[in-house]
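The file my_file26.cif comes next; it holds mmCIF, C-alpha atoms.
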data_upload
#
loop_
_atom_site.label_atom_id
_atom_site.label_comp_id
_atom_site.auth_asym_id
_atom_site.auth_seq_id
_atom_site.Cartn_x
_atom_site.Cartn_y
_atom_site.Cartn_z
CA MET A 680 193.86 153.23 201.13
CA HIS A 681 193.55 156.76 199.83
CA GLU A 682 195.33 156.14 196.54
CA LEU A 683 192.06 155.96 194.59
CA SER A 684 191.02 159.45 195.63
CA ILE A 685 194.50 160.69 194.73
CA ALA A 686 194.31 158.92 191.37
CA LEU A 687 190.95 160.58 190.73
CA SER A 688 192.50 163.97 191.45
CA ILE A 689 195.34 163.25 189.04
CA VAL A 690 192.90 162.27 186.31
CA GLU A 691 190.86 165.40 186.97
CA MET A 692 193.95 167.60 186.73
CA ALA A 693 194.99 165.95 183.47
CA GLN A 694 191.51 166.40 182.03
CA GLU A 695 191.48 170.09 182.89
CA GLU A 696 194.84 170.52 181.24
CA SER A 697 193.67 168.62 178.15
CA GLU A 698 190.56 170.80 177.88
CA ARG A 699 192.70 173.91 178.11
CA ARG A 700 194.61 172.60 175.12
CA GLY A 701 191.61 171.95 172.91
CA GLN A 702 190.83 168.42 174.09
CA ALA A 703 194.35 167.22 173.44
CA GLN A 704 194.72 163.50 173.97
CA VAL A 705 196.69 162.65 177.10
CA LEU A 706 199.06 159.75 176.51
CA ALA A 707 200.90 159.86 179.79
CA VAL A 708 201.03 161.69 183.08
CA HIS A 709 204.42 162.24 184.71
CA LEU A 710 204.28 162.26 188.47
CA ARG A 711 206.91 162.90 191.13
CA LEU A 712 206.25 160.79 194.20
CA GLY A 713 208.21 161.39 197.38
CA GLN A 714 209.19 158.46 199.55
CA LEU A 715 207.47 160.27 202.43
CA SER A 716 204.34 161.29 200.54
CA GLY A 717 202.30 158.64 202.30
CA VAL A 718 201.28 157.19 198.94
CA VAL A 719 202.14 153.67 197.81
CA LYS A 720 203.34 153.51 194.22
CA GLU A 721 201.83 150.12 193.33
CA ALA A 722 198.46 151.01 194.84
CA LEU A 723 198.48 154.33 193.00
CA LEU A 724 199.25 152.64 189.67
CA SER A 725 196.33 150.24 189.91
CA SER A 726 194.05 152.98 191.22
CA TYR A 727 195.06 155.17 188.29
CA GLU A 728 193.94 152.55 185.84
CA MET A 729 190.57 152.36 187.58
CA ALA A 730 190.25 156.14 187.72
CA CYS A 731 190.87 156.40 183.98
CA GLU A 732 188.13 153.95 183.02
CA ASP A 733 185.42 155.55 180.87
CA THR A 734 187.26 158.85 180.72
CA SER A 735 189.25 160.46 177.92
CA LEU A 736 192.36 159.24 179.73
CA GLU A 737 191.54 155.58 179.37
CA GLY A 738 194.65 153.78 178.15
CA SER A 739 197.00 156.53 179.27
CA GLN A 740 200.03 155.79 181.38
CA LEU A 741 201.05 157.04 184.78
CA LEU A 742 204.82 157.41 184.87
CA ILE A 743 206.10 157.72 188.40
CA GLU A 744 209.46 159.17 189.33
CA GLU A 745 210.22 158.28 192.93
CA VAL A 746 211.88 161.01 194.95
CA PRO A 747 214.18 159.83 197.74
CA VAL A 748 214.32 161.57 201.10
CA VAL A 749 216.93 164.31 201.20
CA VAL A 750 217.88 166.25 204.33
CA PHE A 751 220.12 169.24 204.86
CA CYS A 752 222.95 168.42 207.23
CA PRO A 753 223.83 171.51 209.27
CA LYS A 754 227.20 170.04 210.21
CA CYS A 755 228.32 169.09 206.70
CA GLN A 756 226.48 172.11 205.26
CA ALA A 757 225.25 169.88 202.47
CA GLU A 758 222.18 168.09 201.23
CA ARG A 759 222.32 164.38 201.91
CA ARG A 760 220.14 161.47 200.96
CA VAL A 761 219.13 159.47 204.05
CA ARG A 762 220.10 155.83 203.96
CA SER A 763 216.78 154.67 205.32
CA ILE A 764 213.50 156.33 206.21
CA GLN A 765 213.76 154.47 209.50
CA TRP A 766 216.79 156.50 210.44
CA PHE A 767 216.67 160.24 209.86
CA CYS A 768 220.28 161.31 210.02
CA CYS A 769 223.14 162.45 207.87
CA PRO A 770 224.66 159.34 206.26
CA GLU A 771 228.15 160.87 206.53
CA CYS A 772 228.41 162.32 210.04
CA LEU A 773 225.31 160.68 211.60
CA THR A 774 223.87 164.01 212.83
CA PRO A 775 220.15 163.40 213.53
CA ILE A 776 217.97 165.57 211.27
CA PRO A 777 214.17 165.67 211.67
CA ASP A 778 213.15 167.80 208.70
CA VAL A 779 213.42 166.89 205.06
CA VAL A 780 214.30 169.04 202.07
CA ARG A 781 212.78 166.62 199.57
CA GLY A 782 210.74 163.45 199.74
CA LYS A 783 207.18 164.61 200.36
CA GLU A 784 206.36 165.36 196.72
CA LEU A 785 203.07 164.35 195.16
CA GLU A 786 203.22 166.42 192.05
CA VAL A 787 202.10 166.18 188.45
CA VAL A 788 205.12 167.53 186.59
CA ALA A 789 204.20 167.04 182.95
CA LEU A 790 201.77 165.54 180.50
CA GLU A 791 202.52 163.77 177.27
CA ILE A 792 199.86 164.93 174.87
CA LYS A 793 198.88 164.60 171.25
CA GLU A 794 197.00 167.54 169.76
CA MET B 97 196.54 166.04 160.46
CA THR B 98 198.48 164.13 163.06
CA THR B 99 201.11 165.69 165.22
CA GLN B 100 203.83 164.07 167.23
CA PRO B 101 203.19 163.59 170.94
CA ARG B 102 204.85 166.24 173.03
CA LEU B 103 205.59 166.86 176.64
CA VAL B 104 204.00 169.85 178.35
CA GLU B 105 205.09 170.98 181.76
CA VAL B 106 202.38 171.18 184.44
CA ARG B 107 204.02 171.22 187.91
CA LYS B 108 200.95 170.97 190.09
CA ASN B 109 200.69 169.55 193.57
CA VAL B 110 198.00 166.86 193.52
CA LEU B 111 196.81 167.83 197.01
CA LYS B 112 196.89 171.55 196.27
CA GLN B 113 193.21 172.04 197.09
CA ASN B 114 193.68 170.38 200.48
CA ASP B 115 196.79 172.44 201.19
CA VAL B 116 195.03 175.69 200.31
CA THR B 117 192.12 174.85 202.61
CA ALA B 118 194.53 173.78 205.37
CA ARG B 119 196.43 177.06 205.10
CA ALA B 120 193.18 179.02 205.39
CA LEU B 121 192.22 176.99 208.46
CA ARG B 122 195.62 177.58 210.08
CA GLU B 123 195.17 181.30 209.55
CA ARG B 124 191.67 181.17 211.06
CA PHE B 125 192.95 179.31 214.12
CA ARG B 126 195.71 181.88 214.56
CA GLU B 127 193.35 184.82 214.25
CA ALA B 128 190.89 183.26 216.68
CA GLY B 129 193.68 182.54 219.17
CA VAL B 130 192.84 178.84 219.37
CA LEU B 131 195.50 176.14 219.43
CA ALA B 132 194.48 173.33 217.09
CA VAL B 133 195.86 169.89 217.91
CA SER B 134 195.24 166.80 215.84
CA LEU B 135 195.58 163.23 217.04
CA VAL B 136 196.58 160.33 214.83
CA SER B 137 197.16 156.69 215.70
CA SER B 138 196.22 153.18 214.74
CA PRO B 139 192.75 151.96 215.71
CA GLY B 140 192.52 150.96 219.35
CA SER B 141 195.50 152.92 220.63
CA GLY B 142 193.35 154.82 223.10
CA LYS B 143 192.86 158.10 221.24
CA THR B 144 189.34 158.63 222.46
CA ALA B 145 190.11 157.78 226.11
CA PHE B 146 193.14 160.07 225.95
CA LEU B 147 191.09 162.87 224.42
CA GLU B 148 188.24 162.41 226.89
CA LYS B 149 190.71 162.71 229.77
CA THR B 150 192.31 165.77 228.14
CA LEU B 151 188.97 167.53 227.67
CA THR B 152 187.87 166.72 231.20
CA LEU B 153 191.10 167.99 232.75
CA LEU B 154 191.25 171.17 230.66
CA HIS B 155 187.56 171.97 230.88
CA SER B 156 187.68 173.74 234.26
CA ARG B 157 190.35 176.23 233.17
CA TYR B 158 190.02 176.48 229.40
CA ARG B 159 187.42 176.57 226.70
CA VAL B 160 187.92 173.36 224.77
CA ALA B 161 186.20 171.75 221.81
CA ALA B 162 186.74 168.66 219.71
CA LEU B 163 186.07 167.23 216.28
CA VAL B 164 186.20 163.50 215.99
CA GLY B 165 186.52 161.57 212.76
CA ASP B 166 185.23 158.05 212.28
CA LEU B 167 184.12 155.95 209.37
CA ALA B 168 180.79 155.18 211.04
CA THR B 169 179.02 155.43 214.41
CA GLU B 170 178.80 158.49 216.61
CA ASN B 171 179.88 156.56 219.72
CA ASP B 172 183.09 158.51 220.15
CA ALA B 173 181.34 161.87 220.07
CA ALA B 174 178.90 160.61 222.68
CA ARG B 175 181.79 159.45 224.87
CA LEU B 176 183.63 162.74 224.51
CA ALA B 177 180.50 164.77 225.20
CA ARG B 178 180.61 163.41 228.76
CA SER B 179 183.47 165.85 229.30
CA GLN B 180 180.93 168.70 228.80
CA ALA B 181 183.01 170.18 225.99
CA PRO B 182 181.37 170.89 222.62
CA VAL B 183 182.05 167.91 220.36
CA LYS B 184 181.18 167.26 216.74
CA GLN B 185 181.47 163.97 214.92
CA ILE B 186 182.80 163.90 211.38
CA LEU B 187 181.53 160.77 209.66
CA THR B 188 183.85 160.02 206.78
CA GLY B 189 181.85 157.13 205.33
CA THR B 190 184.36 155.04 203.44
CA VAL B 191 187.16 157.59 203.61
CA CYS B 192 190.01 156.40 205.83
CA HIS B 193 191.35 159.81 206.86
CA LEU B 194 190.26 163.40 207.49
CA GLU B 195 190.81 166.08 204.88
CA ALA B 196 191.01 169.83 205.46
CA ALA B 197 187.62 170.43 203.81
CA MET B 198 185.94 168.02 206.24
CA VAL B 199 187.36 169.99 209.14
CA GLN B 200 186.26 173.24 207.55
CA ASN B 201 182.70 171.95 207.08
CA ALA B 202 182.51 170.57 210.60
CA LEU B 203 183.54 173.95 212.04
CA GLU B 204 180.53 175.65 210.51
CA GLY B 205 178.42 177.29 213.18
CA TRP B 206 181.26 177.41 215.71
CA ASP B 207 182.78 180.73 216.73
CA LEU B 208 186.45 179.80 217.10
CA THR B 209 187.21 182.85 219.23
CA GLN B 210 185.18 181.10 221.94
CA PHE B 211 187.78 178.33 222.25
CA ASP B 212 191.28 178.07 223.65
CA PHE B 213 191.98 174.56 222.36
CA LEU B 214 190.48 172.67 219.47
CA PHE B 215 191.26 168.95 219.23
CA ILE B 216 190.84 167.06 215.99
CA GLU B 217 190.78 163.29 216.34
CA ASN B 218 191.63 161.66 213.05
CA VAL B 219 190.32 158.30 211.87
CA GLY B 220 192.34 155.44 213.36
CA ASN B 221 194.92 154.89 210.63
CA LEU B 222 198.69 155.33 210.52
CA VAL B 223 199.02 155.53 206.76
CA CYS B 224 196.61 157.82 204.94
CA PRO B 225 196.37 160.76 207.39
CA SER B 226 200.05 161.53 206.82
CA SER B 227 199.33 163.00 203.37
CA TYR B 228 196.71 165.50 204.53
CA ASP B 229 197.46 168.76 206.29
CA LEU B 230 194.44 169.75 208.41
CA GLY B 231 195.70 173.20 209.32
CA GLU B 232 196.51 172.01 212.84
CA ASP B 233 199.22 173.74 214.90
CA LEU B 234 200.43 170.46 216.34
CA ARG B 235 200.06 166.89 215.23
CA PHE B 236 200.22 164.29 217.97
CA VAL B 237 200.90 160.66 217.12
CA LEU B 238 199.78 158.15 219.72
CA LEU B 239 201.41 154.81 220.38
CA SER B 240 199.99 152.46 222.98
CA VAL B 241 202.26 150.19 224.96
CA THR B 242 200.26 147.19 223.74
CA GLU B 243 201.17 147.87 220.10
CA GLY B 244 204.86 147.08 220.25
CA GLU B 245 207.94 149.25 220.29
CA ASP B 246 208.62 149.05 216.57
CA LYS B 247 205.49 150.91 215.39
CA PRO B 248 207.54 154.06 214.59
CA LEU B 249 209.83 152.03 212.31
CA LYS B 250 206.87 150.39 210.58
CA TYR B 251 205.14 153.74 209.97
CA PRO B 252 207.99 156.25 209.68
CA THR B 253 206.03 158.57 207.40
CA ILE B 254 203.34 159.43 209.93
CA PHE B 255 205.79 159.55 212.85
CA ASN B 256 208.05 161.89 210.91
CA SER B 257 205.10 164.13 210.04
CA ALA B 258 204.08 164.51 213.70
CA ASP B 259 205.29 167.09 216.22
CA VAL B 260 204.74 165.14 219.43
CA ALA B 261 204.54 161.45 220.31
CA VAL B 262 202.33 160.23 223.13
CA ILE B 263 202.78 156.78 224.60
CA THR B 264 199.37 155.71 225.92
CA LYS B 265 198.10 153.00 228.29
CA SER B 266 201.28 153.22 230.37
CA ASP B 267 199.42 151.42 233.19
CA LEU B 268 199.67 148.25 231.04
CA ALA B 269 203.39 148.63 230.29
CA ALA B 270 204.61 146.05 232.78
CA ALA B 271 201.94 143.51 231.86
CA VAL B 272 202.89 143.57 228.18
CA GLU B 273 206.63 143.94 228.88
CA PHE B 274 206.80 147.18 226.98
CA ASP B 275 210.41 148.10 226.18
CA GLU B 276 210.32 151.84 226.71
CA THR B 277 213.97 152.39 225.83
CA ALA B 278 213.47 150.73 222.45
CA ALA B 279 210.28 152.69 221.81
CA LEU B 280 211.99 155.99 222.56
CA ARG B 281 214.97 155.05 220.41
CA ASN B 282 212.68 154.19 217.50
CA ILE B 283 210.72 157.41 217.84
CA GLN B 284 213.92 159.45 217.86
CA ALA B 285 215.21 157.53 214.82
CA VAL B 286 212.29 158.58 212.64
CA ARG B 287 211.81 162.07 214.12
CA PRO B 288 214.95 163.23 215.96
CA GLY B 289 214.21 165.64 218.78
CA MET B 290 210.51 164.79 218.98
CA GLU B 291 208.84 165.57 222.28
CA VAL B 292 207.48 162.39 223.90
CA PHE B 293 204.95 162.02 226.72
CA LYS B 294 204.17 158.77 228.50
CA THR B 295 200.60 158.75 229.73
CA SER B 296 197.76 156.72 231.10
CA ALA B 297 194.24 158.06 230.71
CA LYS B 298 193.20 155.50 233.32
CA THR B 299 195.58 156.38 236.15
CA GLY B 300 196.34 159.94 235.01
CA GLU B 301 200.08 159.24 234.82
CA GLY B 302 201.92 161.79 232.70
CA MET B 303 198.80 163.85 231.97
CA ALA B 304 200.01 166.87 233.97
CA GLU B 305 203.29 167.08 232.04
CA TYR B 306 201.49 166.77 228.74
CA LEU B 307 198.85 169.38 229.66
CA GLY B 308 201.63 171.71 230.81
CA TYR B 309 203.21 171.35 227.40
CA LEU B 310 199.88 172.18 225.68
CA GLU B 311 199.44 175.30 227.83
CA HIS B 312 202.97 176.37 227.08
CA ARG B 313 202.45 175.90 223.32
CA ARG B 314 199.22 177.88 223.44
CA ALA B 315 200.88 180.75 225.28
CA ARG B 316 203.72 180.70 222.79
CA SER B 317 201.50 180.76 219.72
CA ARG B 318 199.37 183.55 221.18
CA ALA B 319 202.47 185.59 221.88
CA ALA B 320 203.66 185.03 218.32
CA ALA B 321 200.24 186.02 216.95
CA ALA B 322 200.24 189.20 219.04
CA VAL B 323 203.67 190.18 217.70
CA SER B 324 202.56 189.72 214.11
CA LEU B 325 199.39 191.82 214.52
#

Here is the file; what I need is its structure written in the form of structure tokens.
Amino acid sequence: MHELSIALSIVEMAQEESERRGQAQVLAVHLRLGQLSGVVKEALLSSYEMACEDTSLEGSQLLIEEVPVVVFCPKCQAERRVRSIQWFCCPECLTPIPDVVRGKELEVVALEIKE
Amino acid sequence: MTTQPRLVEVRKNVLKQNDVTARALRERFREAGVLAVSLVSSPGSGKTAFLEKTLTLLHSRYRVAALVGDLATENDAARLARSQAPVKQILTGTVCHLEAAMVQNALEGWDLTQFDFLFIENVGNLVCPSSYDLGEDLRFVLLSVTEGEDKPLKYPTIFNSADVAVITKSDLAAAVEFDETAALRNIQAVRPGMEVFKTSAKTGEGMAEYLGYLEHRRARSRAAAAVSL
């Protein structure tokens, strides 16, 4: 369970950003979360709430956009979304593909603020 | 005066600090000519026995060292020290995984140019370590025959993030009716093309093949480093 330490980092990043903008109030944090990030969405959401307690972010929302796993199929010469993370292959031609193009994201993309 | 809420773009990787530290470590390993190998697995899969055997077998021909992560107790470091290799314990306290900064701190006082191989044993956990790059050249994921063939399907994230899979405790395979074909199929499903070694630290089965692979990888990374100098 490392979601709490990740939630603390998110809160810290949001606080820094808010300070840079003259203590703007942060209403929401938008996060992109890859299916292969190793982070569980539900655990992160509850950890986020805990991490916000007694900070300027208390009451703010964590909005998570889940990013599916996308591979590049060398045979089809196209990006393809894998059907399951238990089977890394092109869903069209079934070529096995070990590396992903997307799906490992753990990224704060935007903040909703009120100045 | 009240203003309307607005959206400001940030685009920052949450684990940026870890990634920066990991990149610096990787560069240090390359410059020092040491091959850094990390080991991940669930608790009780035989990581420490496997590492002890590795250190013992490599010790006569190579300069080896190890860092070993655990929540508490220094038992593993004591066990590994029997191999005569320099070993340092990283006590993580309540943290369930190693982070790049912990590796960096633990390396303090060690001259990396004095080593050919550095092993980093992660905390026994198949979930959290997948998110943290430690700067290692190779990540090994261990799977013991007693755990069941479907471990790779249950933890695809960590298996996909690894470079090599090692099946451990092969001496118990028959006793637990380990289905090797299914295990290999599951490993290849979550990481196609992954190198797999079947080993027993007890009988020594498969250790020579695996050590040969390590030597080959070290030679290859040194050759690549020499070219880029």

Checklist entry - Applied to the shown file, which residues does the PyMOL selection byres ((chain A and resi 783) around 9) return, written as a PyMOL selection string? => result (chain A and resi 712-717+746-748+779-782+784-785) or (chain B and resi 227)

Next on the checklist: Which residues are close to B:Glu127, i.e. within 10 Å by only C-alpha atoms, leaving aside same-chain residues fewer than 3 positions away? Reply as a PyMOL selection string.
Outcome noted: chain B and resi 121-124+130+208-209+318+321-322+325

Next on the checklist: Using all atoms listed in the file and a cutoff of 9 Å, can you tell me which residues are near (208.6, 159.9, 188.9) in the file's coordinates, and write them out as a list of chain:residue names?
Outcome noted: A:His709, A:Leu710, A:Arg711, A:Leu712, A:Gly713, A:Leu742, A:Ile743, A:Glu744, A:Glu745, A:Val746, A:Val788

For C-alpha atoms, I'd like the residues from the last selection saved as a PDB file, in the coordinates of the input.
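Just written: part.pdb:
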ATOM      1  CA  HIS A 709     204.420 162.240 184.710  1.00  0.00           C
ATOM      2  CA  LEU A 710     204.280 162.260 188.470  1.00  0.00           C
ATOM      3  CA  ARG A 711     206.910 162.900 191.130  1.00  0.00           C
ATOM      4  CA  LEU A 712     206.250 160.790 194.200  1.00  0.00           C
ATOM      5  CA  GLY A 713     208.210 161.390 197.380  1.00  0.00           C
ATOM      6  CA  LEU A 742     204.820 157.410 184.870  1.00  0.00           C
ATOM      7  CA  ILE A 743     206.100 157.720 188.400  1.00  0.00           C
ATOM      8  CA  GLU A 744     209.460 159.170 189.330  1.00  0.00           C
ATOM      9  CA  GLU A 745     210.220 158.280 192.930  1.00  0.00           C
ATOM     10  CA  VAL A 746     211.880 161.010 194.950  1.00  0.00           C
ATOM     11  CA  VAL A 788     205.120 167.530 186.590  1.00  0.00           C
TER      12      VAL A 788
END

Within 12 Å of chain A: each chain B residue with its shortest pair, only C-alpha atoms, as JSON lines:
{"residue": "B:Met97", "atom": "CA", "partner": "A:Glu794", "partner_atom": "CA", "distance": 9.4}
{"residue": "B:Thr98", "atom": "CA", "partner": "A:Glu794", "partner_atom": "CA", "distance": 7.7}
{"residue": "B:Thr99", "atom": "CA", "partner": "A:Glu794", "partner_atom": "CA", "distance": 6.4}
{"residue": "B:Gln100", "atom": "CA", "partner": "A:Lys793", "partner_atom": "CA", "distance": 6.4}
{"residue": "B:Pro101", "atom": "CA", "partner": "A:Lys793", "partner_atom": "CA", "distance": 4.4}
{"residue": "B:Arg102", "atom": "CA", "partner": "A:Glu791", "partner_atom": "CA", "distance": 5.4}
{"residue": "B:Leu103", "atom": "CA", "partner": "A:Glu791", "partner_atom": "CA", "distance": 4.4}
{"residue": "B:Val104", "atom": "CA", "partner": "A:Leu790", "partner_atom": "CA", "distance": 5.3}
{"residue": "B:Glu105", "atom": "CA", "partner": "A:Ala789", "partner_atom": "CA", "distance": 4.2}
{"residue": "B:Val106", "atom": "CA", "partner": "A:Ala789", "partner_atom": "CA", "distance": 4.8}
{"residue": "B:Arg107", "atom": "CA", "partner": "A:Val788", "partner_atom": "CA", "distance": 4.1}
{"residue": "B:Lys108", "atom": "CA", "partner": "A:Val787", "partner_atom": "CA", "distance": 5.2}
{"residue": "B:Asn109", "atom": "CA", "partner": "A:Glu786", "partner_atom": "CA", "distance": 4.3}
{"residue": "B:Val110", "atom": "CA", "partner": "A:Glu786", "partner_atom": "CA", "distance": 5.4}
{"residue": "B:Leu111", "atom": "CA", "partner": "A:Leu785", "partner_atom": "CA", "distance": 7.4}
{"residue": "B:Lys112", "atom": "CA", "partner": "A:Glu786", "partner_atom": "CA", "distance": 9.2}
{"residue": "B:Gln113", "atom": "CA", "partner": "A:Ser688", "partner_atom": "CA", "distance": 9.9}
{"residue": "B:Asn114", "atom": "CA", "partner": "A:Ser688", "partner_atom": "CA", "distance": 11.1}
{"residue": "B:Asp115", "atom": "CA", "partner": "A:Leu785", "partner_atom": "CA", "distance": 11.9}
{"residue": "B:Thr190", "atom": "CA", "partner": "A:Met680", "partner_atom": "CA", "distance": 9.9}
{"residue": "B:Val191", "atom": "CA", "partner": "A:His681", "partner_atom": "CA", "distance": 7.5}
{"residue": "B:Cys192", "atom": "CA", "partner": "A:Met680", "partner_atom": "CA", "distance": 6.9}
{"residue": "B:His193", "atom": "CA", "partner": "A:His681", "partner_atom": "CA", "distance": 8.0}
{"residue": "B:Leu194", "atom": "CA", "partner": "A:His681", "partner_atom": "CA", "distance": 10.7}
{"residue": "B:Glu195", "atom": "CA", "partner": "A:His681", "partner_atom": "CA", "distance": 10.9}
{"residue": "B:Asn221", "atom": "CA", "partner": "A:Met680", "partner_atom": "CA", "distance": 9.7}
{"residue": "B:Leu222", "atom": "CA", "partner": "A:Gly717", "partner_atom": "CA", "distance": 9.6}
{"residue": "B:Val223", "atom": "CA", "partner": "A:Gly717", "partner_atom": "CA", "distance": 6.3}
{"residue": "B:Cys224", "atom": "CA", "partner": "A:His681", "partner_atom": "CA", "distance": 6.0}
{"residue": "B:Pro225", "atom": "CA", "partner": "A:Gly717", "partner_atom": "CA", "distance": 8.1}
{"residue": "B:Ser226", "atom": "CA", "partner": "A:Gly717", "partner_atom": "CA", "distance": 5.8}
{"residue": "B:Ser227", "atom": "CA", "partner": "A:Gly717", "partner_atom": "CA", "distance": 5.4}
{"residue": "B:Tyr228", "atom": "CA", "partner": "A:Gly717", "partner_atom": "CA", "distance": 9.1}
{"residue": "B:Asp229", "atom": "CA", "partner": "A:Ser716", "partner_atom": "CA", "distance": 11.7}
{"residue": "B:Asp246", "atom": "CA", "partner": "A:Gln765", "partner_atom": "CA", "distance": 10.3}
{"residue": "B:Lys247", "atom": "CA", "partner": "A:Gln765", "partner_atom": "CA", "distance": 10.8}
{"residue": "B:Pro248", "atom": "CA", "partner": "A:Gln765", "partner_atom": "CA", "distance": 8.0}
{"residue": "B:Leu249", "atom": "CA", "partner": "A:Gln765", "partner_atom": "CA", "distance": 5.4}
{"residue": "B:Lys250", "atom": "CA", "partner": "A:Gln765", "partner_atom": "CA", "distance": 8.1}
{"residue": "B:Tyr251", "atom": "CA", "partner": "A:Gln765", "partner_atom": "CA", "distance": 8.7}
{"residue": "B:Pro252", "atom": "CA", "partner": "A:Gln765", "partner_atom": "CA", "distance": 6.0}
{"residue": "B:Thr253", "atom": "CA", "partner": "A:Leu715", "partner_atom": "CA", "distance": 5.4}
{"residue": "B:Ile254", "atom": "CA", "partner": "A:Gly717", "partner_atom": "CA", "distance": 7.7}
{"residue": "B:Phe255", "atom": "CA", "partner": "A:Gln765", "partner_atom": "CA", "distance": 10.0}
{"residue": "B:Asn256", "atom": "CA", "partner": "A:Pro777", "partner_atom": "CA", "distance": 7.2}
{"residue": "B:Ser257", "atom": "CA", "partner": "A:Leu715", "partner_atom": "CA", "distance": 8.9}
{"residue": "B:Ala258", "atom": "CA", "partner": "A:Pro777", "partner_atom": "CA", "distance": 10.4}
{"residue": "B:Asp259", "atom": "CA", "partner": "A:Pro777", "partner_atom": "CA", "distance": 10.1}
{"residue": "B:Arg281", "atom": "CA", "partner": "A:Trp766", "partner_atom": "CA", "distance": 10.2}
{"residue": "B:Asn282", "atom": "CA", "partner": "A:Gln765", "partner_atom": "CA", "distance": 8.1}
{"residue": "B:Ile283", "atom": "CA", "partner": "A:Gln765", "partner_atom": "CA", "distance": 9.4}
{"residue": "B:Gln284", "atom": "CA", "partner": "A:Trp766", "partner_atom": "CA", "distance": 8.5}
{"residue": "B:Ala285", "atom": "CA", "partner": "A:Trp766", "partner_atom": "CA", "distance": 4.8}
{"residue": "B:Val286", "atom": "CA", "partner": "A:Gln765", "partner_atom": "CA", "distance": 5.4}
{"residue": "B:Arg287", "atom": "CA", "partner": "A:Pro777", "partner_atom": "CA", "distance": 5.0}
{"residue": "B:Pro288", "atom": "CA", "partner": "A:Pro777", "partner_atom": "CA", "distance": 5.0}
{"residue": "B:Gly289", "atom": "CA", "partner": "A:Pro777", "partner_atom": "CA", "distance": 7.1}
{"residue": "B:Met290", "atom": "CA", "partner": "A:Pro777", "partner_atom": "CA", "distance": 8.2}
{"residue": "B:Glu291", "atom": "CA", "partner": "A:Pro777", "partner_atom": "CA", "distance": 11.9}

Checklist entry - Between A:Gly701, A:Glu771, A:Gln694, A:Ala730, which has the minimum distance to A:Lys754 (counting all atoms listed in the file)? => result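 Looking only at the distances to A:Lys754, the closest residue turns out to be A:Glu771.
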
Checklist entry - Could you name the residues that touch B:Leu268 at 12 Å or less, counting only C-alpha atoms, but leaving out those on the same chain fewer than 6 positions away, as a list of chain:residue names? => result B:Ser240, B:Val241, B:Thr242, B:Glu243, B:Phe274, B:Asp275, B:Lys294, B:Thr295, B:Ser296, B:Ala297, B:Lys298, B:Thr299, B:Glu301

Item to check | Two-atom distance - atom CA of B:Ala304, atom CA of B:Ala145 (Å) | outcome: 15.6 Å

Quick one: axis-aligned box around all listed atoms of stretch 717-731 of chain A, 4 Å on every side, centre and edge lengths in Å to one decimal, written as lines of an AutoDock Vina configuration file.
center_x = 196.8
center_y = 154.4
center_z = 193.1
size_x = 21.1
size_y = 16.5
size_z = 26.3

Next on the checklist: Quick check, in Å to one decimal: how far apart do atom CA of B:Gly231 and atom CA of B:Val164 lie?
Outcome noted: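 Value for the atom CA of B:Gly231-atom CA of B:Val164 distance: 15.1 Å.
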
Next on the checklist: Please report the interatomic distance between atom CA of B:Val292 and atom CA of A:Leu773 in Å with one decimal.
Outcome noted: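 Separation between atom CA of B:Val292 and atom CA of A:Leu773: 21.7 Å.
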
Next on the checklist: Env of B:Ala261: 6 Å cut, atoms = only C-alpha atoms, seq-sep filter 6 positions within chain, self excluded. Answer as a ChimeraX atom specification.
Outcome noted: /B:236-238,292

Item to check | Spatial neighbours of A:Glu728, max dist 10 Å, only C-alpha atoms, sep filter under 4 positions, as a ChimeraX atom specification | outcome: /A:683,686-687,690,723-724,732,736-741

Item to check | Residue neighbourhood B:Thr150, 12 Å, only C-alpha atoms, exclusion window fewer than 5 positions, as a ChimeraX atom specification | outcome: /B:133,135,143-145,155-162,176,178-181,213-215,295-298,300,302-308,310-311

Could you please take those selected residues and save C-alpha atoms as a CSV table (one decimal), in the frame of the given file?
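Result went into selection.csv, see below:
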chain,number,residue,atom,x,y,z
B,133,VAL,CA,195.9,169.9,217.9
B,135,LEU,CA,195.6,163.2,217.0
B,143,LYS,CA,192.9,158.1,221.2
B,144,THR,CA,189.3,158.6,222.5
B,145,ALA,CA,190.1,157.8,226.1
B,155,HIS,CA,187.6,172.0,230.9
B,156,SER,CA,187.7,173.7,234.3
B,157,ARG,CA,190.4,176.2,233.2
B,158,TYR,CA,190.0,176.5,229.4
B,159,ARG,CA,187.4,176.6,226.7
B,160,VAL,CA,187.9,173.4,224.8
B,161,ALA,CA,186.2,171.8,221.8
B,162,ALA,CA,186.7,168.7,219.7
B,176,LEU,CA,183.6,162.7,224.5
B,178,ARG,CA,180.6,163.4,228.8
B,179,SER,CA,183.5,165.8,229.3
B,180,GLN,CA,180.9,168.7,228.8
B,181,ALA,CA,183.0,170.2,226.0
B,213,PHE,CA,192.0,174.6,222.4
B,214,LEU,CA,190.5,172.7,219.5
B,215,PHE,CA,191.3,169.0,219.2
B,295,THR,CA,200.6,158.8,229.7
B,296,SER,CA,197.8,156.7,231.1
B,297,ALA,CA,194.2,158.1,230.7
B,298,LYS,CA,193.2,155.5,233.3
B,300,GLY,CA,196.3,159.9,235.0
B,302,GLY,CA,201.9,161.8,232.7
B,303,MET,CA,198.8,163.8,232.0
B,304,ALA,CA,200.0,166.9,234.0
B,305,GLU,CA,203.3,167.1,232.0
B,306,TYR,CA,201.5,166.8,228.7
B,307,LEU,CA,198.8,169.4,229.7
B,308,GLY,CA,201.6,171.7,230.8
B,310,LEU,CA,199.9,172.2,225.7
B,311,GLU,CA,199.4,175.3,227.8

Next on the checklist: Here is a test: counting only C-alpha atoms, which residue of B:Ser134, B:Ala173, B:Pro139, B:Thr117 is nearest to B:Val260?
Outcome noted: B:Ser134
